[in-house]
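Reproduced below: run.txt, with compact mmCIF, N, CA and C atoms and all ligand atoms.
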# COMPACT_ATOMS: atom_id res chain seq x y z
N MET A 1 -9.79 -19.68 -3.54
CA MET A 1 -9.60 -19.57 -4.99
C MET A 1 -8.33 -18.77 -5.27
N ASP A 2 -7.57 -19.17 -6.30
CA ASP A 2 -6.35 -18.46 -6.65
C ASP A 2 -6.65 -17.05 -7.15
N ASN A 3 -5.73 -16.16 -6.92
CA ASN A 3 -5.86 -14.79 -7.41
C ASN A 3 -5.52 -14.77 -8.91
N PRO A 4 -6.47 -14.38 -9.78
CA PRO A 4 -6.16 -14.39 -11.22
C PRO A 4 -5.01 -13.43 -11.53
N PRO A 5 -4.09 -13.80 -12.41
CA PRO A 5 -2.97 -12.91 -12.73
C PRO A 5 -3.43 -11.67 -13.49
N CYS A 6 -2.75 -10.57 -13.26
CA CYS A 6 -3.00 -9.30 -13.96
C CYS A 6 -2.65 -9.47 -15.44
N ILE A 7 -3.54 -8.98 -16.33
CA ILE A 7 -3.26 -9.05 -17.77
C ILE A 7 -2.73 -7.72 -18.31
N GLU A 8 -2.44 -6.77 -17.38
CA GLU A 8 -1.76 -5.51 -17.69
C GLU A 8 -2.55 -4.59 -18.62
N CYS A 9 -3.88 -4.63 -18.51
CA CYS A 9 -4.70 -3.77 -19.38
C CYS A 9 -4.66 -2.30 -18.95
N GLY A 10 -4.46 -2.05 -17.67
CA GLY A 10 -4.35 -0.68 -17.18
C GLY A 10 -5.66 0.00 -16.82
N LEU A 11 -6.79 -0.69 -16.95
CA LEU A 11 -8.08 -0.06 -16.64
C LEU A 11 -8.13 0.43 -15.19
N CYS A 12 -7.53 -0.31 -14.30
CA CYS A 12 -7.59 0.00 -12.87
C CYS A 12 -6.99 1.37 -12.53
N ARG A 13 -6.12 1.87 -13.37
CA ARG A 13 -5.46 3.15 -13.07
C ARG A 13 -6.48 4.28 -12.99
N GLU A 14 -7.63 4.11 -13.64
CA GLU A 14 -8.67 5.16 -13.65
C GLU A 14 -9.25 5.43 -12.27
N VAL A 15 -9.21 4.43 -11.39
CA VAL A 15 -9.89 4.59 -10.11
C VAL A 15 -8.95 4.53 -8.91
N CYS A 16 -7.65 4.38 -9.15
CA CYS A 16 -6.72 4.24 -8.03
C CYS A 16 -6.38 5.62 -7.44
N PRO A 17 -6.62 5.83 -6.14
CA PRO A 17 -6.34 7.15 -5.56
C PRO A 17 -4.86 7.50 -5.52
N ILE A 18 -3.99 6.50 -5.40
CA ILE A 18 -2.56 6.86 -5.37
C ILE A 18 -2.05 7.20 -6.76
N PHE A 19 -2.57 6.52 -7.78
CA PHE A 19 -2.16 6.86 -9.14
C PHE A 19 -2.71 8.22 -9.53
N GLU A 20 -3.92 8.52 -9.07
CA GLU A 20 -4.54 9.82 -9.35
C GLU A 20 -3.64 10.97 -8.87
N VAL A 21 -3.01 10.79 -7.73
CA VAL A 21 -2.17 11.84 -7.15
C VAL A 21 -0.74 11.80 -7.68
N LEU A 22 -0.14 10.61 -7.70
CA LEU A 22 1.29 10.51 -7.98
C LEU A 22 1.62 10.35 -9.47
N ARG A 23 0.67 9.79 -10.24
CA ARG A 23 0.88 9.62 -11.70
C ARG A 23 2.19 8.92 -12.02
N ARG A 24 2.52 7.92 -11.25
CA ARG A 24 3.73 7.13 -11.51
C ARG A 24 3.32 5.68 -11.75
N GLU A 25 3.72 5.15 -12.90
CA GLU A 25 3.26 3.81 -13.30
C GLU A 25 3.62 2.74 -12.27
N HIS A 26 4.81 2.82 -11.68
CA HIS A 26 5.20 1.74 -10.77
C HIS A 26 4.40 1.77 -9.47
N ILE A 27 3.66 2.88 -9.22
CA ILE A 27 2.80 2.93 -8.03
C ILE A 27 1.33 2.84 -8.45
N SER A 28 1.07 2.46 -9.68
CA SER A 28 -0.31 2.21 -10.11
C SER A 28 -0.65 0.76 -9.74
N PRO A 29 -1.95 0.42 -9.74
CA PRO A 29 -2.30 -0.98 -9.46
C PRO A 29 -1.63 -1.95 -10.43
N ARG A 30 -1.54 -1.54 -11.69
CA ARG A 30 -0.87 -2.41 -12.67
C ARG A 30 0.61 -2.56 -12.34
N GLY A 31 1.25 -1.44 -12.01
CA GLY A 31 2.68 -1.50 -11.66
C GLY A 31 2.91 -2.37 -10.44
N LEU A 32 2.05 -2.21 -9.43
CA LEU A 32 2.20 -3.02 -8.21
C LEU A 32 1.98 -4.50 -8.53
N ALA A 33 1.01 -4.80 -9.42
CA ALA A 33 0.75 -6.19 -9.78
C ALA A 33 1.97 -6.81 -10.47
N ILE A 34 2.63 -6.01 -11.32
CA ILE A 34 3.81 -6.53 -12.02
C ILE A 34 4.96 -6.75 -11.04
N LEU A 35 5.17 -5.81 -10.12
CA LEU A 35 6.23 -5.97 -9.12
C LEU A 35 5.96 -7.21 -8.25
N ALA A 36 4.68 -7.39 -7.88
CA ALA A 36 4.32 -8.54 -7.04
C ALA A 36 4.57 -9.84 -7.80
N GLU A 37 4.20 -9.85 -9.07
CA GLU A 37 4.38 -11.05 -9.91
C GLU A 37 5.86 -11.41 -10.01
N GLU A 38 6.72 -10.38 -10.04
CA GLU A 38 8.17 -10.61 -10.13
C GLU A 38 8.78 -10.95 -8.78
N GLY A 39 7.97 -10.88 -7.71
CA GLY A 39 8.48 -11.19 -6.37
C GLY A 39 9.40 -10.12 -5.81
N ILE A 40 9.23 -8.89 -6.31
CA ILE A 40 10.10 -7.79 -5.85
C ILE A 40 9.58 -7.23 -4.53
N ALA A 41 10.45 -7.16 -3.54
CA ALA A 41 10.08 -6.67 -2.20
C ALA A 41 10.38 -5.18 -2.14
N SER A 42 9.43 -4.36 -2.58
CA SER A 42 9.67 -2.91 -2.64
C SER A 42 8.78 -2.17 -1.64
N PRO A 43 9.33 -1.11 -0.99
CA PRO A 43 8.50 -0.31 -0.09
C PRO A 43 7.34 0.38 -0.79
N VAL A 44 7.30 0.40 -2.14
CA VAL A 44 6.17 1.05 -2.82
C VAL A 44 4.85 0.37 -2.48
N PHE A 45 4.89 -0.89 -2.05
CA PHE A 45 3.64 -1.57 -1.67
C PHE A 45 2.98 -0.88 -0.48
N TYR A 46 3.77 -0.15 0.32
CA TYR A 46 3.18 0.57 1.44
C TYR A 46 2.36 1.78 0.98
N GLN A 47 2.53 2.21 -0.27
CA GLN A 47 1.79 3.37 -0.78
C GLN A 47 0.32 3.03 -1.05
N CYS A 48 0.03 1.77 -1.31
CA CYS A 48 -1.35 1.34 -1.59
C CYS A 48 -2.21 1.57 -0.35
N THR A 49 -3.42 2.12 -0.57
CA THR A 49 -4.31 2.40 0.55
C THR A 49 -5.14 1.18 0.96
N LEU A 50 -5.03 0.10 0.22
CA LEU A 50 -5.80 -1.14 0.47
C LEU A 50 -7.29 -0.96 0.20
N CYS A 51 -7.65 0.07 -0.60
CA CYS A 51 -9.07 0.36 -0.83
C CYS A 51 -9.74 -0.64 -1.77
N ARG A 52 -8.97 -1.26 -2.63
CA ARG A 52 -9.46 -2.23 -3.63
C ARG A 52 -10.40 -1.61 -4.67
N ALA A 53 -10.34 -0.30 -4.85
CA ALA A 53 -11.12 0.32 -5.93
C ALA A 53 -10.69 -0.24 -7.28
N CYS A 54 -9.41 -0.56 -7.41
CA CYS A 54 -8.89 -1.11 -8.67
C CYS A 54 -9.65 -2.37 -9.10
N ARG A 55 -10.06 -3.12 -8.13
CA ARG A 55 -10.73 -4.40 -8.42
C ARG A 55 -12.09 -4.19 -9.07
N THR A 56 -12.71 -3.04 -8.82
CA THR A 56 -14.05 -2.80 -9.37
C THR A 56 -14.03 -2.70 -10.89
N LEU A 57 -12.88 -2.30 -11.47
CA LEU A 57 -12.80 -2.18 -12.93
C LEU A 57 -12.01 -3.33 -13.57
N CYS A 58 -11.44 -4.16 -12.76
CA CYS A 58 -10.54 -5.19 -13.31
C CYS A 58 -11.32 -6.30 -14.03
N PRO A 59 -11.02 -6.53 -15.31
CA PRO A 59 -11.78 -7.53 -16.08
C PRO A 59 -11.52 -8.96 -15.64
N VAL A 60 -10.41 -9.19 -14.93
CA VAL A 60 -10.12 -10.57 -14.49
C VAL A 60 -10.28 -10.72 -12.97
N ASP A 61 -10.72 -9.64 -12.29
CA ASP A 61 -10.93 -9.66 -10.85
C ASP A 61 -9.64 -9.96 -10.08
N HIS A 62 -8.55 -9.37 -10.56
CA HIS A 62 -7.27 -9.52 -9.85
C HIS A 62 -7.34 -8.75 -8.53
N ASP A 63 -6.92 -9.38 -7.45
CA ASP A 63 -6.93 -8.73 -6.14
C ASP A 63 -5.53 -8.19 -5.85
N PRO A 64 -5.42 -6.89 -5.51
CA PRO A 64 -4.08 -6.33 -5.24
C PRO A 64 -3.40 -6.99 -4.04
N ASP A 65 -4.18 -7.55 -3.11
CA ASP A 65 -3.63 -8.37 -2.02
C ASP A 65 -2.56 -7.63 -1.21
N GLY A 66 -2.83 -6.35 -0.96
CA GLY A 66 -1.84 -5.52 -0.28
C GLY A 66 -1.47 -5.99 1.10
N GLU A 67 -2.43 -6.56 1.82
CA GLU A 67 -2.11 -7.02 3.18
C GLU A 67 -1.05 -8.13 3.16
N ARG A 68 -1.20 -9.08 2.23
CA ARG A 68 -0.24 -10.18 2.16
C ARG A 68 1.13 -9.67 1.69
N LEU A 69 1.11 -8.73 0.73
CA LEU A 69 2.39 -8.19 0.24
C LEU A 69 3.11 -7.43 1.34
N ARG A 70 2.38 -6.69 2.15
CA ARG A 70 3.01 -5.97 3.26
C ARG A 70 3.56 -6.93 4.30
N ALA A 71 2.80 -7.98 4.57
CA ALA A 71 3.28 -8.97 5.54
C ALA A 71 4.59 -9.58 5.05
N ARG A 72 4.68 -9.79 3.74
CA ARG A 72 5.91 -10.34 3.17
C ARG A 72 7.08 -9.36 3.32
N LEU A 73 6.78 -8.06 3.13
CA LEU A 73 7.83 -7.05 3.31
C LEU A 73 8.33 -7.04 4.76
N VAL A 74 7.38 -7.06 5.69
CA VAL A 74 7.76 -7.02 7.10
C VAL A 74 8.62 -8.24 7.44
N ALA A 75 8.21 -9.41 6.91
CA ALA A 75 8.98 -10.64 7.18
C ALA A 75 10.39 -10.54 6.64
N ARG A 76 10.58 -9.79 5.57
CA ARG A 76 11.93 -9.61 4.99
C ARG A 76 12.66 -8.41 5.58
N GLY A 77 12.01 -7.70 6.50
CA GLY A 77 12.67 -6.55 7.13
C GLY A 77 12.64 -5.30 6.27
N VAL A 78 11.75 -5.28 5.24
CA VAL A 78 11.65 -4.10 4.38
C VAL A 78 10.60 -3.16 4.97
N GLU A 79 11.05 -2.13 5.64
CA GLU A 79 10.13 -1.17 6.26
C GLU A 79 10.60 0.25 5.94
N THR A 80 9.69 1.19 6.04
CA THR A 80 10.07 2.58 5.85
C THR A 80 10.46 3.16 7.22
N GLU A 81 11.16 4.26 7.19
CA GLU A 81 11.53 4.93 8.44
C GLU A 81 10.27 5.34 9.20
N ALA A 82 9.22 5.77 8.45
CA ALA A 82 7.96 6.16 9.11
C ALA A 82 7.32 4.98 9.82
N ASN A 83 7.39 3.78 9.20
CA ASN A 83 6.84 2.59 9.86
C ASN A 83 7.55 2.34 11.18
N ARG A 84 8.88 2.39 11.12
CA ARG A 84 9.66 2.13 12.34
C ARG A 84 9.31 3.15 13.42
N GLU A 85 9.16 4.42 13.00
CA GLU A 85 8.84 5.48 13.96
C GLU A 85 7.46 5.25 14.59
N MET A 86 6.47 4.89 13.75
CA MET A 86 5.13 4.65 14.28
C MET A 86 5.12 3.49 15.27
N ILE A 87 5.81 2.41 14.93
CA ILE A 87 5.84 1.24 15.82
C ILE A 87 6.51 1.61 17.14
N ALA A 88 7.61 2.36 17.06
CA ALA A 88 8.31 2.76 18.30
C ALA A 88 7.40 3.66 19.14
N ASN A 89 6.66 4.56 18.49
CA ASN A 89 5.75 5.45 19.24
C ASN A 89 4.62 4.67 19.91
N ILE A 90 4.07 3.70 19.18
CA ILE A 90 2.99 2.89 19.76
C ILE A 90 3.51 2.14 20.99
N ARG A 91 4.72 1.58 20.86
CA ARG A 91 5.27 0.83 22.01
C ARG A 91 5.55 1.75 23.19
N GLN A 92 6.08 2.95 22.88
CA GLN A 92 6.50 3.83 23.97
C GLN A 92 5.38 4.71 24.50
N HIS A 93 4.50 5.19 23.59
CA HIS A 93 3.49 6.18 24.00
C HIS A 93 2.05 5.70 23.84
N GLY A 94 1.85 4.53 23.22
CA GLY A 94 0.50 4.00 23.06
C GLY A 94 -0.25 4.64 21.91
N ASN A 95 0.43 5.40 21.06
CA ASN A 95 -0.19 5.97 19.86
C ASN A 95 0.91 6.16 18.80
N PRO A 96 0.52 6.30 17.50
CA PRO A 96 1.55 6.37 16.45
C PRO A 96 2.23 7.73 16.31
N PHE A 97 1.77 8.74 17.07
CA PHE A 97 2.26 10.12 16.84
C PHE A 97 3.40 10.56 17.76
N GLY A 98 3.57 9.88 18.88
CA GLY A 98 4.59 10.30 19.84
C GLY A 98 3.95 10.86 21.09
N PRO A 99 4.72 11.55 21.93
CA PRO A 99 4.18 12.06 23.19
C PRO A 99 3.08 13.10 22.94
N LEU A 100 1.92 12.91 23.57
CA LEU A 100 0.79 13.85 23.42
C LEU A 100 0.20 14.13 24.80
N GLU A 101 -0.13 15.38 25.04
CA GLU A 101 -0.87 15.72 26.27
C GLU A 101 -2.33 15.33 26.09
N GLU A 102 -3.07 15.23 27.16
CA GLU A 102 -4.50 14.92 27.11
C GLU A 102 -5.22 15.92 26.19
N GLY A 103 -5.90 15.45 25.15
CA GLY A 103 -6.66 16.32 24.24
C GLY A 103 -5.83 17.01 23.18
N GLU A 104 -4.51 16.83 23.21
CA GLU A 104 -3.65 17.50 22.22
C GLU A 104 -3.82 16.87 20.83
N ILE A 105 -3.88 17.71 19.80
CA ILE A 105 -3.98 17.21 18.43
C ILE A 105 -2.57 17.08 17.88
N PRO A 106 -2.24 15.93 17.27
CA PRO A 106 -0.88 15.76 16.73
C PRO A 106 -0.55 16.83 15.71
N LYS A 107 0.67 17.37 15.78
CA LYS A 107 1.08 18.41 14.82
C LYS A 107 1.49 17.80 13.49
N ARG A 108 1.83 16.53 13.53
CA ARG A 108 2.33 15.89 12.30
C ARG A 108 1.66 14.52 12.19
N LEU A 109 1.09 14.24 11.02
CA LEU A 109 0.51 12.93 10.79
C LEU A 109 1.57 12.07 10.15
N THR A 110 1.82 10.91 10.71
CA THR A 110 2.85 10.03 10.19
C THR A 110 2.20 9.07 9.21
N CYS A 111 2.85 8.91 8.08
CA CYS A 111 2.36 7.95 7.09
C CYS A 111 3.56 7.26 6.47
N CYS A 112 3.34 6.06 5.91
CA CYS A 112 4.46 5.32 5.34
C CYS A 112 4.89 5.93 4.02
S1 LIG B 1 -6.13 -1.08 -3.53
FE1 LIG B 1 -4.20 0.04 -3.80
S2 LIG B 1 -3.67 -0.25 -5.95
FE2 LIG B 1 -5.88 -0.72 -5.73
S3 LIG B 1 -6.98 1.21 -6.11
FE3 LIG B 1 -6.63 1.09 -3.92
S4 LIG B 1 -4.72 2.21 -3.60
FE4 LIG B 1 -4.80 1.71 -5.76
S1 LIG B 2 -5.02 -5.30 -12.16
FE1 LIG B 2 -6.75 -5.81 -13.52
S2 LIG B 2 -7.43 -3.84 -14.35
FE2 LIG B 2 -5.37 -3.53 -13.50
S3 LIG B 2 -3.97 -3.81 -15.21
FE3 LIG B 2 -4.16 -5.80 -14.15
S4 LIG B 2 -5.80 -6.87 -15.24
FE4 LIG B 2 -5.97 -4.69 -15.80

As C-alpha cells, how would this structure be written, given the file I've shared?
Amino acid sequence: MDNPPCIECGLCREVCPIFEVLRREHISPRGLAILAEEGIASPVFYQCTLCRACRTLCPVDHDPDGERLRARLVARGVETEANREMIANIRQHGNPFGPLEEGEIPKRLTCC
C-alpha cells in the first residue's frame, strides 16, 4: 500500500523524541516528511531514531520510512563523518567504537 502523504498538521511533534530534545522544525517528523516529499537528500534524516512514535498520532497514518530514506542517502553518498568512522571501525575492529581491550567499556559513544 502507498504511504499516505503528510498533511502537515504537526500532531506528531508531540511524541517525537528528537523534536522533544532539539525543538527544531526541520528535524520534526513533519519537517522530515516535507524534506522527503521534496526529494531533498539531507543528513538530518539520520537524526530520526526510527521509533515510529509519530505514526501513533498521525491522522493519515503517514510512515516516516526512515530506513528507505537512509538507504537513499547512502546510495547518493550522503553520510556523516560519524557514519564513516563507525563503518571503518566495524571493518577494522569488529565494533563501531574502535580498538577495545577485552571487557573495556567504550569511552565515547558514536552516533550519527
Ligand atoms: S520515527 Fe523519527 S520522526 Fe518519527 S517519532 Fe520517531 S524519531 Fe521522530
Ligand atoms: S506526519 Fe502525520 S501527524 Fe505529522 S504532520 Fe504529517 S500528517 Fe500530521

May I have a table of the residues of chain A lying at most 10 Å from ligand LIG 2 (chain B), giving each one's closest pair of atoms and their distance in Å to one decimal, counting only C-alpha atoms and all ligand atoms, ordered by chain and ascending residue number, as a tab-separated table?
residue	atom	partner	partner_atom	distance
A:Pro4	CA	B:LIG2	S4	8.5
A:Pro5	CA	B:LIG2	S4	7.1
A:Cys6	CA	B:LIG2	FE3	3.7
A:Ile7	CA	B:LIG2	S4	4.2
A:Glu8	CA	B:LIG2	S3	3.7
A:Cys9	CA	B:LIG2	FE4	3.9
A:Gly10	CA	B:LIG2	S3	3.7
A:Leu11	CA	B:LIG2	S2	4.5
A:Cys12	CA	B:LIG2	S2	4.1
A:Arg13	CA	B:LIG2	FE2	6.7
A:Glu14	CA	B:LIG2	S2	9.1
A:Val15	CA	B:LIG2	S2	9.8
A:Cys16	CA	B:LIG2	FE2	9.6
A:Ser28	CA	B:LIG2	FE2	8.4
A:Pro29	CA	B:LIG2	FE2	5.7
A:Arg30	CA	B:LIG2	S3	4.2
A:Gly31	CA	B:LIG2	S3	7.9
A:Leu32	CA	B:LIG2	S1	8.5
A:Ala33	CA	B:LIG2	S1	6.3
A:Ile34	CA	B:LIG2	FE3	8.3
A:Cys54	CA	B:LIG2	FE2	6.4
A:Arg55	CA	B:LIG2	FE1	6.6
A:Thr56	CA	B:LIG2	S2	8.3
A:Leu57	CA	B:LIG2	S2	5.8
A:Cys58	CA	B:LIG2	S2	3.5
A:Pro59	CA	B:LIG2	FE1	5.9
A:Val60	CA	B:LIG2	S4	5.7
A:Asp61	CA	B:LIG2	FE1	6.3
A:His62	CA	B:LIG2	FE1	5.2
A:Asp63	CA	B:LIG2	S1	7.2
A:Pro64	CA	B:LIG2	S1	7.1

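If you look at atom S1 of ligand LIG 1 (chain B) and atom CA of A:Cys51, they are 4.2 Å away from each other.
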
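Nearest residue to ligand LIG 1 (chain B), choosing from A:Gly98, A:Pro43, A:Gly103, A:Gly66 and counting only N, CA and C atoms and all ligand atoms: A:Gly66.
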
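Rounded to one decimal, atom CA of A:Asp2 and atom CA of A:Asp65 lie 11.4 Å from each other.
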
Could you put an axis-aligned box around every listed atom of ligand LIG 1 (chain B), padded by 3 Å on each side, and send me its centre and edge lengths in Å to one decimal, as AutoDock Vina command-line options?
--center_x -5.3 --center_y 0.6 --center_z -4.8 --size_x 9.3 --size_y 9.3 --size_z 8.6

- [ ] Write down as number ranges by chain the residues of chain A whose backbone DSSP state falls under alpha helix (DSSP H).
- [x] A: 17-22, 29-37, 53-57, 66-75, 81-93

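The residue that comes closest to ligand LIG 1 (chain B), out of A:Val44, A:Ala36, A:Leu50, A:Val21 and on the basis of only N, CA and C atoms and all ligand atoms, is A:Leu50.
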
- [ ] Enter the distance from atom N of A:Pro106 to atom C of A:Phe45, in Å, rounded to one decimal.
- [x]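 Distance between the two atoms: 25.0 Å.
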
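Among the candidates A:Leu22, A:Thr49, A:Ala75, A:Ala82, the one nearest to ligand LIG 1 (chain B) when counting all atoms listed in the file is A:Thr49.
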
Open item on the list: Counting only N, CA and C atoms and all ligand atoms, which residue out of A:Gln47, A:Asn89, A:Leu35, A:Glu101 sits closest to ligand LIG 1 (chain B)?
Closed with: A:Gln47

Open item on the list: Measuring between only N, CA and C atoms and all ligand atoms, which one of A:Leu109, A:Glu38, A:Leu69, A:Ala53 shows the shortest distance to ligand LIG 1 (chain B)?
Closed with: A:Ala53

Open item on the list: Under the rule that all atoms listed in the file are counted, which of A:Glu102, A:Arg72, A:Ile18, A:Phe97 is the nearest residue to A:Glu85?
Closed with: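 Checking each candidate against A:Glu85, we get A:Phe97 as the closest.
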